[in-house]
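structure38.cif follows (mmCIF, C-alpha atoms):
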data_query
loop_
_atom_site.group_PDB
_atom_site.id
_atom_site.type_symbol
_atom_site.label_atom_id
_atom_site.label_comp_id
_atom_site.auth_asym_id
_atom_site.auth_seq_id
_atom_site.Cartn_x
_atom_site.Cartn_y
_atom_site.Cartn_z
ATOM 1 C CA GLN B 1479 99.809 80.498 113.642
ATOM 2 C CA PHE B 1480 101.383 77.085 112.911
ATOM 3 C CA ARG B 1481 97.986 75.831 111.718
ATOM 4 C CA ASN B 1482 97.766 78.804 109.362
ATOM 5 C CA ILE B 1483 101.189 78.000 107.916
ATOM 6 C CA LEU B 1484 100.144 74.403 107.229
ATOM 7 C CA GLN B 1485 96.973 75.607 105.517
ATOM 8 C CA VAL B 1486 99.000 77.903 103.252
ATOM 9 C CA ILE B 1487 101.432 75.098 102.367
ATOM 10 C CA ARG B 1488 98.554 72.759 101.495
ATOM 11 C CA GLY B 1489 97.011 75.431 99.304
ATOM 12 C CA LEU B 1490 100.277 75.999 97.472
ATOM 13 C CA LEU B 1491 100.787 72.278 96.832
ATOM 14 C CA GLN B 1492 97.316 71.497 95.429
ATOM 15 C CA ARG B 1493 97.390 69.957 91.962
ATOM 16 C CA GLU B 1494 93.849 70.982 91.049
ATOM 17 C CA ALA B 1495 93.526 74.637 90.081
ATOM 18 C CA ALA B 1496 90.155 74.952 91.828
ATOM 19 C CA GLN B 1497 91.749 73.990 95.149
ATOM 20 C CA ARG B 1498 94.710 76.360 94.911
ATOM 21 C CA PHE B 1499 94.743 79.998 96.064
ATOM 22 C CA SER B 1500 93.259 82.369 93.527
ATOM 23 C CA SER B 1501 95.902 85.014 94.263
ATOM 24 C CA ALA B 1502 98.848 85.900 96.487
ATOM 25 C CA GLY B 1503 96.479 88.159 98.409
ATOM 26 C CA GLU B 1504 94.291 85.197 99.351
ATOM 27 C CA ALA B 1505 97.317 83.246 100.587
ATOM 28 C CA LYS B 1506 98.376 86.268 102.658
ATOM 29 C CA ARG B 1507 94.928 86.555 104.253
ATOM 30 C CA VAL B 1508 95.000 82.896 105.264
ATOM 31 C CA PHE B 1509 98.506 83.177 106.655
ATOM 32 C CA PHE B 1510 97.719 86.248 108.769
ATOM 33 C CA ALA B 1511 94.320 85.013 109.978
ATOM 34 C CA SER B 1512 94.098 85.371 113.810
ATOM 35 C CA SER B 1513 97.566 86.984 113.889
ATOM 36 C CA GLY B 1514 96.395 90.559 114.420
ATOM 37 C CA TYR B 1515 97.496 91.749 110.974
ATOM 38 C CA THR B 1516 95.103 93.102 108.396
ATOM 39 C CA PRO B 1517 95.311 91.732 104.825
ATOM 40 C CA ASP B 1518 96.658 95.038 103.512
ATOM 41 C CA GLN B 1519 99.601 95.228 105.903
ATOM 42 C CA GLU B 1520 103.040 94.403 104.565
ATOM 43 C CA PHE B 1521 104.894 91.501 106.126
ATOM 44 C CA VAL B 1522 108.175 93.444 106.342
ATOM 45 C CA PRO B 1523 107.830 97.151 107.178
ATOM 46 C CA LYS B 1524 110.122 99.703 105.614
ATOM 47 C CA PRO B 1525 113.057 100.531 107.900
ATOM 48 C CA VAL B 1526 113.376 103.994 109.395
ATOM 49 C CA PHE B 1527 115.949 106.330 107.898
ATOM 50 C CA VAL B 1528 118.927 106.629 110.232
ATOM 51 C CA GLY B 1529 122.287 108.344 110.035
ATOM 52 C CA ARG B 1530 123.587 110.279 107.025
ATOM 53 C CA GLU B 1531 122.798 113.610 108.727
ATOM 54 C CA LYS B 1532 125.864 115.300 107.225
ATOM 55 C CA GLU B 1533 125.157 114.014 103.719
ATOM 56 C CA LEU B 1534 121.454 114.885 103.984
ATOM 57 C CA HIS B 1535 122.260 118.453 104.986
ATOM 58 C CA ALA B 1536 124.792 118.816 102.154
ATOM 59 C CA ILE B 1537 122.206 117.785 99.547
ATOM 60 C CA THR B 1538 119.220 119.732 100.891
ATOM 61 C CA SER B 1539 121.313 122.900 101.080
ATOM 62 C CA VAL B 1540 121.789 122.926 97.282
ATOM 63 C CA LEU B 1541 118.241 122.058 96.228
ATOM 64 C CA PRO B 1542 116.418 124.511 93.949
ATOM 65 C CA GLY B 1543 115.074 127.339 96.054
ATOM 66 C CA SER B 1544 117.684 126.985 98.793
ATOM 67 C CA GLY B 1545 120.230 129.673 99.520
ATOM 68 C CA GLU B 1546 123.097 127.785 97.858
ATOM 69 C CA GLY B 1547 121.096 126.239 95.032
ATOM 70 C CA ASN B 1548 122.878 128.183 92.291
ATOM 71 C CA SER B 1549 126.221 126.473 92.929
ATOM 72 C CA TYR B 1550 125.604 123.005 91.524
ATOM 73 C CA SER B 1551 123.966 121.299 88.556
ATOM 74 C CA ALA B 1552 124.222 117.784 89.936
ATOM 75 C CA VAL B 1553 124.733 115.853 93.154
ATOM 76 C CA VAL B 1554 126.280 112.393 92.790
ATOM 77 C CA VAL B 1555 125.725 109.960 95.657
ATOM 78 C CA SER B 1556 128.166 107.088 95.201
ATOM 79 C CA GLY B 1557 129.030 103.903 97.033
ATOM 80 C CA PRO B 1558 128.860 100.111 96.767
ATOM 81 C CA GLU B 1559 125.604 98.229 96.346
ATOM 82 C CA GLY B 1560 123.540 98.106 99.534
ATOM 83 C CA ILE B 1561 125.289 101.024 101.216
ATOM 84 C CA GLY B 1562 122.103 103.150 101.321
ATOM 85 C CA LYS B 1563 122.248 105.393 98.237
ATOM 86 C CA THR B 1564 118.596 104.919 97.300
ATOM 87 C CA ALA B 1565 117.442 105.349 100.907
ATOM 88 C CA LEU B 1566 119.259 108.688 101.137
ATOM 89 C CA ILE B 1567 117.813 109.891 97.841
ATOM 90 C CA GLU B 1568 114.281 108.836 98.844
ATOM 91 C CA GLU B 1569 114.655 110.874 102.037
ATOM 92 C CA VAL B 1570 115.718 113.912 99.980
ATOM 93 C CA VAL B 1571 112.819 113.412 97.553
ATOM 94 C CA GLN B 1572 110.310 113.537 100.416
ATOM 95 C CA ARG B 1573 111.670 116.942 101.394
ATOM 96 C CA VAL B 1574 111.665 118.168 97.795
ATOM 97 C CA ARG B 1575 108.002 117.232 97.302
ATOM 98 C CA ALA B 1576 107.084 118.951 100.557
ATOM 99 C CA HIS B 1577 108.153 122.196 98.820
ATOM 100 C CA ASP B 1578 106.011 121.420 95.757
ATOM 101 C CA ILE B 1579 108.990 120.980 93.435
ATOM 102 C CA PRO B 1580 108.422 118.463 90.611
ATOM 103 C CA VAL B 1581 110.531 115.307 90.839
ATOM 104 C CA LEU B 1582 111.283 113.392 87.650
ATOM 105 C CA GLY B 1583 112.525 109.839 88.159
ATOM 106 C CA VAL B 1584 114.976 108.314 85.669
ATOM 107 C CA GLY B 1585 115.902 104.711 86.459
ATOM 108 C CA GLY B 1586 118.936 102.910 85.105
ATOM 109 C CA VAL B 1587 117.477 99.807 83.448
ATOM 110 C CA SER B 1588 120.704 98.219 82.136
ATOM 111 C CA SER B 1589 119.040 97.135 78.901
ATOM 112 C CA GLY B 1590 120.988 99.256 76.445
ATOM 113 C CA ILE B 1591 117.816 100.253 74.569
ATOM 114 C CA PRO B 1592 118.370 103.780 73.185
ATOM 115 C CA PHE B 1593 116.500 106.539 75.064
ATOM 116 C CA GLU B 1594 114.649 103.998 77.239
ATOM 117 C CA ALA B 1595 115.421 105.697 80.563
ATOM 118 C CA ILE B 1596 114.734 109.295 79.506
ATOM 119 C CA ALA B 1597 111.662 108.488 77.373
ATOM 120 C CA THR B 1598 109.576 107.697 80.486
ATOM 121 C CA VAL B 1599 110.216 111.215 81.834
ATOM 122 C CA LEU B 1600 108.890 113.157 78.834
ATOM 123 C CA PRO B 1601 105.124 112.585 79.329
ATOM 124 C CA VAL B 1602 105.466 113.345 83.048
ATOM 125 C CA LEU B 1603 107.287 116.590 82.302
ATOM 126 C CA ARG B 1604 104.704 117.519 79.664
ATOM 127 C CA ALA B 1605 101.935 117.106 82.249
ATOM 128 C CA GLU B 1606 103.847 119.280 84.736
ATOM 129 C CA VAL B 1607 104.347 122.017 82.127
ATOM 130 C CA MET B 1608 100.632 122.020 81.335
ATOM 131 C CA SER B 1609 99.390 121.939 84.940
ATOM 132 C CA ARG B 1610 101.865 124.442 86.373
ATOM 133 C CA ALA B 1611 102.399 126.874 83.508
ATOM 134 C CA GLY B 1612 99.819 126.078 80.832
ATOM 135 C CA LYS B 1613 102.477 126.532 78.150
ATOM 136 C CA THR B 1614 100.834 124.839 75.192
ATOM 137 C CA GLN B 1615 103.252 126.577 72.822
ATOM 138 C CA LEU B 1616 106.246 124.889 74.492
ATOM 139 C CA ILE B 1617 104.482 121.521 74.326
ATOM 140 C CA ALA B 1618 103.687 122.036 70.648
ATOM 141 C CA GLU B 1619 107.304 122.974 69.908
ATOM 142 C CA TYR B 1620 108.589 119.678 71.272
ATOM 143 C CA SER B 1621 105.595 117.469 70.438
ATOM 144 C CA GLU B 1622 107.493 115.598 67.724
ATOM 145 C CA ILE B 1623 110.062 114.446 70.262
ATOM 146 C CA ILE B 1624 107.652 113.848 73.147
ATOM 147 C CA GLU B 1625 105.296 111.725 71.060
ATOM 148 C CA SER B 1626 107.846 110.077 68.777
ATOM 149 C CA ARG B 1627 107.663 106.340 68.134
ATOM 150 C CA SER B 1628 111.306 106.197 67.050
ATOM 151 C CA PHE B 1629 112.382 105.161 70.544
ATOM 152 C CA GLY B 1630 110.965 102.773 73.103
ATOM 153 C CA GLY B 1631 111.514 99.640 71.064
ATOM 154 C CA SER B 1632 114.467 97.303 71.213
ATOM 155 C CA THR B 1633 116.487 99.443 68.790
ATOM 156 C CA TRP B 1634 116.694 103.014 67.546
ATOM 157 C CA VAL B 1635 114.803 103.157 64.248
ATOM 158 C CA GLY B 1636 115.894 106.637 63.165
ATOM 159 C CA SER B 1637 119.051 107.818 61.421
ATOM 160 C CA VAL B 1638 122.228 108.927 63.191
ATOM 161 C CA HIS B 1639 121.326 112.555 62.463
ATOM 162 C CA GLU B 1640 117.856 112.082 63.958
ATOM 163 C CA ARG B 1641 119.384 110.461 67.013
ATOM 164 C CA GLU B 1642 121.571 113.509 67.643
ATOM 165 C CA ARG B 1643 118.624 115.820 67.019
ATOM 166 C CA PHE B 1644 116.522 113.933 69.540
ATOM 167 C CA ILE B 1645 119.278 114.088 72.149
ATOM 168 C CA GLU B 1646 119.531 117.863 71.730
ATOM 169 C CA GLY B 1647 115.737 118.283 71.638
ATOM 170 C CA MET B 1648 115.102 116.300 74.802
ATOM 171 C CA ALA B 1649 117.801 118.220 76.640
ATOM 172 C CA ARG B 1650 116.356 121.556 75.463
ATOM 173 C CA PHE B 1651 112.855 120.537 76.592
ATOM 174 C CA LEU B 1652 114.224 119.855 80.078
ATOM 175 C CA VAL B 1653 116.139 123.146 80.151
ATOM 176 C CA GLU B 1654 113.238 125.283 78.912
ATOM 177 C CA SER B 1655 110.792 123.599 81.288
ATOM 178 C CA ALA B 1656 113.132 124.442 84.168
ATOM 179 C CA CYS B 1657 112.886 128.097 83.174
ATOM 180 C CA LEU B 1658 109.182 127.894 84.078
ATOM 181 C CA PHE B 1659 109.582 126.127 87.437
ATOM 182 C CA PRO B 1660 112.438 124.452 89.340
ATOM 183 C CA ILE B 1661 112.919 120.722 88.727
ATOM 184 C CA VAL B 1662 114.746 117.906 90.478
ATOM 185 C CA VAL B 1663 115.694 114.950 88.278
ATOM 186 C CA VAL B 1664 116.453 111.770 90.214
ATOM 187 C CA VAL B 1665 118.713 109.296 88.425
ATOM 188 C CA ASP B 1666 118.802 106.134 90.511
ATOM 189 C CA ASP B 1667 121.268 103.420 89.550
ATOM 190 C CA ALA B 1668 122.868 105.634 86.915
ATOM 191 C CA ASP B 1669 125.380 102.892 86.090
ATOM 192 C CA GLY B 1670 122.624 101.226 84.048
ATOM 193 C CA LEU B 1671 121.630 104.229 81.908
ATOM 194 C CA ASP B 1672 121.640 103.784 78.158
ATOM 195 C CA ARG B 1673 124.143 105.987 76.337
ATOM 196 C CA GLU B 1674 121.550 108.277 74.760
ATOM 197 C CA SER B 1675 119.728 108.993 78.030
ATOM 198 C CA ARG B 1676 123.019 109.743 79.759
ATOM 199 C CA GLU B 1677 123.926 112.189 77.002
ATOM 200 C CA VAL B 1678 120.536 113.971 77.275
ATOM 201 C CA LEU B 1679 121.066 114.443 81.016
ATOM 202 C CA ARG B 1680 124.644 115.594 80.542
ATOM 203 C CA ILE B 1681 123.674 118.294 78.046
ATOM 204 C CA ALA B 1682 120.704 119.458 80.137
ATOM 205 C CA ALA B 1683 122.857 119.693 83.265
ATOM 206 C CA ARG B 1684 125.464 121.642 81.319
ATOM 207 C CA ASP B 1685 123.037 124.121 79.750
ATOM 208 C CA ALA B 1686 120.423 124.676 82.462
ATOM 209 C CA ASN B 1687 120.442 127.829 84.545
ATOM 210 C CA ARG B 1688 121.912 127.078 87.943
ATOM 211 C CA GLY B 1689 119.334 126.888 90.672
ATOM 212 C CA ARG B 1690 116.547 125.881 88.257
ATOM 213 C CA ILE B 1691 117.302 122.207 87.727
ATOM 214 C CA LEU B 1692 119.257 119.784 89.895
ATOM 215 C CA PHE B 1693 120.229 116.230 88.974
ATOM 216 C CA LEU B 1694 120.324 113.903 91.958
ATOM 217 C CA VAL B 1695 122.305 110.852 90.874
ATOM 218 C CA ALA B 1696 123.022 107.521 92.578
ATOM 219 C CA GLU B 1697 125.666 105.203 91.170
ATOM 220 C CA ARG B 1698 128.274 102.759 92.361
ATOM 221 C CA GLU B 1699 131.169 104.644 90.791
ATOM 222 C CA PRO B 1700 131.092 108.472 90.551
ATOM 223 C CA ALA B 1701 131.281 108.632 86.755
ATOM 224 C CA PHE B 1702 128.396 111.002 85.927
ATOM 225 C CA LYS B 1703 130.030 113.695 83.780
ATOM 226 C CA ILE B 1704 128.683 117.206 83.252
ATOM 227 C CA GLY B 1705 131.032 118.397 80.535
ATOM 228 C CA GLY B 1706 133.805 119.629 82.815
ATOM 229 C CA ILE B 1707 131.950 122.699 84.105
ATOM 230 C CA GLY B 1708 132.841 121.887 87.704
ATOM 231 C CA ALA B 1709 129.247 121.959 88.980
ATOM 232 C CA LEU B 1710 129.235 118.531 90.607
ATOM 233 C CA LEU B 1711 128.771 117.880 94.309
ATOM 234 C CA GLN B 1712 130.199 114.467 95.173
ATOM 235 C CA ILE B 1713 128.645 112.616 98.149
ATOM 236 C CA PRO B 1714 130.529 109.335 98.716
ATOM 237 C CA LEU B 1715 128.782 107.084 101.241
ATOM 238 C CA GLY B 1716 130.766 105.096 103.764
ATOM 239 C CA GLU B 1717 129.614 102.303 106.018
ATOM 240 C CA LEU B 1718 127.051 102.937 108.722
ATOM 241 C CA ASP B 1719 128.314 102.151 112.196
ATOM 242 C CA GLY B 1720 126.908 99.157 114.033
ATOM 243 C CA LEU B 1721 124.626 101.270 116.206
ATOM 244 C CA ARG B 1722 122.925 102.846 113.168
ATOM 245 C CA VAL B 1723 122.426 99.480 111.494
ATOM 246 C CA ALA B 1724 120.977 98.095 114.738
ATOM 247 C CA GLN B 1725 118.514 101.014 114.915
ATOM 248 C CA MET B 1726 117.415 100.353 111.340
ATOM 249 C CA ALA B 1727 117.020 96.606 111.870
ATOM 250 C CA SER B 1728 115.125 97.136 115.135
ATOM 251 C CA SER B 1729 112.617 99.325 113.296
ATOM 252 C CA VAL B 1730 111.908 96.419 110.936
ATOM 253 C CA VAL B 1731 111.664 93.468 113.310
ATOM 254 C CA ASP B 1732 110.359 95.489 116.309
ATOM 255 C CA ILE B 1733 112.150 93.510 119.016
ATOM 256 C CA GLY B 1734 113.784 96.333 120.901
ATOM 257 C CA ASP B 1735 117.384 97.488 120.863
ATOM 258 C CA LEU B 1736 119.617 94.979 119.085
ATOM 259 C CA GLY B 1737 122.837 96.669 120.151
ATOM 260 C CA GLU B 1738 125.895 97.852 118.253
ATOM 261 C CA ALA B 1739 127.633 94.467 118.125
ATOM 262 C CA ILE B 1740 124.678 92.770 116.433
ATOM 263 C CA GLY B 1741 124.327 95.752 114.097
ATOM 264 C CA ARG B 1742 127.931 95.339 112.992
ATOM 265 C CA LYS B 1743 127.391 91.606 112.419
ATOM 266 C CA LEU B 1744 124.304 92.362 110.317
ATOM 267 C CA PHE B 1745 126.274 94.824 108.194
ATOM 268 C CA GLU B 1746 129.091 92.330 107.640
ATOM 269 C CA HIS B 1747 126.715 89.459 106.888
ATOM 270 C CA TYR B 1748 124.710 91.329 104.240
ATOM 271 C CA GLY B 1749 127.645 93.195 102.750
ATOM 272 C CA GLY B 1750 125.927 96.539 103.290
ATOM 273 C CA VAL B 1751 122.878 98.094 104.885
ATOM 274 C CA PRO B 1752 120.236 95.322 105.266
#
How would this structure read if it were set down as structure tokens?
Amino acid sequence: QFRNILQVIRGLLQREAAQRFSSAGEAKRVFFASSGYTPDQEFVPKPVFVGREKELHAITSVLPGSGEGNSYSAVVVSGPEGIGKTALIEEVVQRVRAHDIPVLGVGGVSSGIPFEAIATVLPVLRAEVMSRAGKTQLIAEYSEIIESRSFGGSTWVGSVHERERFIEGMARFLVESACLFPIVVVVDDADGLDRESREVLRIAARDANRGRILFLVAEREPAFKIGGIGALLQIPLGELDGLRVAQMASSVVDIGDLGEAIGRKLFEHYGGVP
């Protein structure tokens, strides 16, 4: 293995382009040669999901189609960076998809570009409406908004009135689509949402029929507002105990049980779940 490492270093340091690696994949194949790995295997496996049983149950019990799904419009998972918000949401999403419920992902991109976060959802939702319900009339009604070129650039090119109309139209498209089939909208890193996208989600959460659409939100501070209708389920995440962190780390490095003390040290060193 040491010989392989030297070969990779030499390849990376070559001045002539013809002598360097043609791609990262080629460098990986050289590095893992005779190690037992295949070229397609990842160097660091994804850790297993551990803990959060209480929080997981609280969220899955209010998903569309569950017995309590009519109670909430949004679930907000909050906590500091690295605490495991995204991991919890990804675990929920797996369960949602197992029940054939569409999942729309809205990522906070922290760019401030108007409508940037929500604009990526519209074509996905259009495809779901067509494949699940075949509602061409609904698509035609909102085609101006879905296919608009007014957003997606560095600035909003329409008027203030058009901006408000687009906010209302996007929210209505979400609400009316949810009348056809239940929807889960995942908003990861909501702290970075642009103002327009946040307003679209707020209006849709306010107006949608309960039990038809659920917003699953992750953010550092629980600031996602739904117009004061009291339909928010707050899930604050605390620290994992040392034993849970050790279980997660052991699943990555595969060296057996690390123990609770080492797990606690890992948590303290990384400032969160590693």
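In this structure, CA of Arg1650 (chain B) sits 18.6 Å away from CA of Val1638 (chain B).
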| said: Here's the selection I'm unsure about, the PyMOL selection byres ((chain B and resi 1716) around 9); applied to the file above, which residues does it give, as a PyMOL selection string? | reply: chain B and resi 1557-1558+1561+1714-1715+1717-1718
| said: I need every residue sitting at most 12 Å from the point (111.0, 113.6, 96.6) (coordinates as in the file, all atoms listed in the file considered), written as a list in words. | reply: Thr1538, Leu1541, Thr1564, Ala1565, Leu1566, Ile1567, Glu1568, Glu1569, Val1570, Val1571, Gln1572, Arg1573, Val1574, Arg1575, Ala1576, His1577, Asp1578, Ile1579, Pro1580, Val1581, Leu1582, Gly1583, Ile1661, Val1662, Val1663, Val1664 and Leu1694 of chain B
| said: From the options B:Val1584, B:Val1540, B:Ile1596, B:Leu1744, which residue's atoms come nearest to Ile1691 (chain B), counting all atoms listed in the file? | reply: B:Val1540
| message | Running the PyMOL selection byres ((chain B and resi 1698) around 9) on this model by hand, what would come out? Give it as a VMD selection string. | response | chain B and resid 1555 to 1559 1563 1667 to 1669 1696 to 1697 1699 to 1701
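Between CA of Cys1657 (chain B) and CA of Asn1687 (chain B) the interatomic distance comes to 7.7 Å.
Minimum atom-to-atom distance to Val1731 (chain B), evaluated using only C-alpha atoms, belongs to B:Val1526 out of B:Leu1679, B:Leu1616, B:Val1508, B:Val1526.
Residue nearest Phe1593 (chain B) within the list B:Glu1674, B:Glu1606, B:Glu1619, B:Glu1625: B:Glu1674 [criterion: smallest interatomic distance, all atoms listed in the file].
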| task | Go through B:Gly1720, B:Asp1666, B:Ala1649, B:Glu1738 and flag the residue nearest Arg1680 (chain B), using only C-alpha atoms for the distances. | result | B:Ala1649
| task | Determine, counting all atoms listed in the file, every residue of protein, DNA or RNA that lies within 6 Å of (110.5, 115.9, 73.0) in the file coordinates, then give the result as a ChimeraX atom specification. | result | /B:1620-1621,1623-1624,1647-1648
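Pairwise distance (CA of Val1695 (chain B), CA of Val1553 (chain B)) equals 6.0 Å.
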| field | Nearest residue to Ala1597 (chain B) from the set B:Val1678, B:Ala1611, B:Val1554, B:Leu1491 (distances using all atoms listed in the file) | value | B:Val1678
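Proximity to Asp1735 (chain B) at 12 Å, evaluated using only C-alpha atoms and with sequence-adjacent residues fewer than 4 positions away removed, yields Gly1720, Leu1721, Arg1722, Val1723, Ala1724, Gln1725, Met1726, Ala1727, Ser1728, Ser1729, Val1730, Val1731, Ala1739, Ile1740 and Gly1741 of chain B.
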| field | Expansion of the PyMOL selection byres ((chain B and resi 1685) around 12) into residues, as a ChimeraX atom specification | value | /B:1551,1646,1649-1654,1656-1657,1678-1684,1686-1692,1704-1705,1707,1709
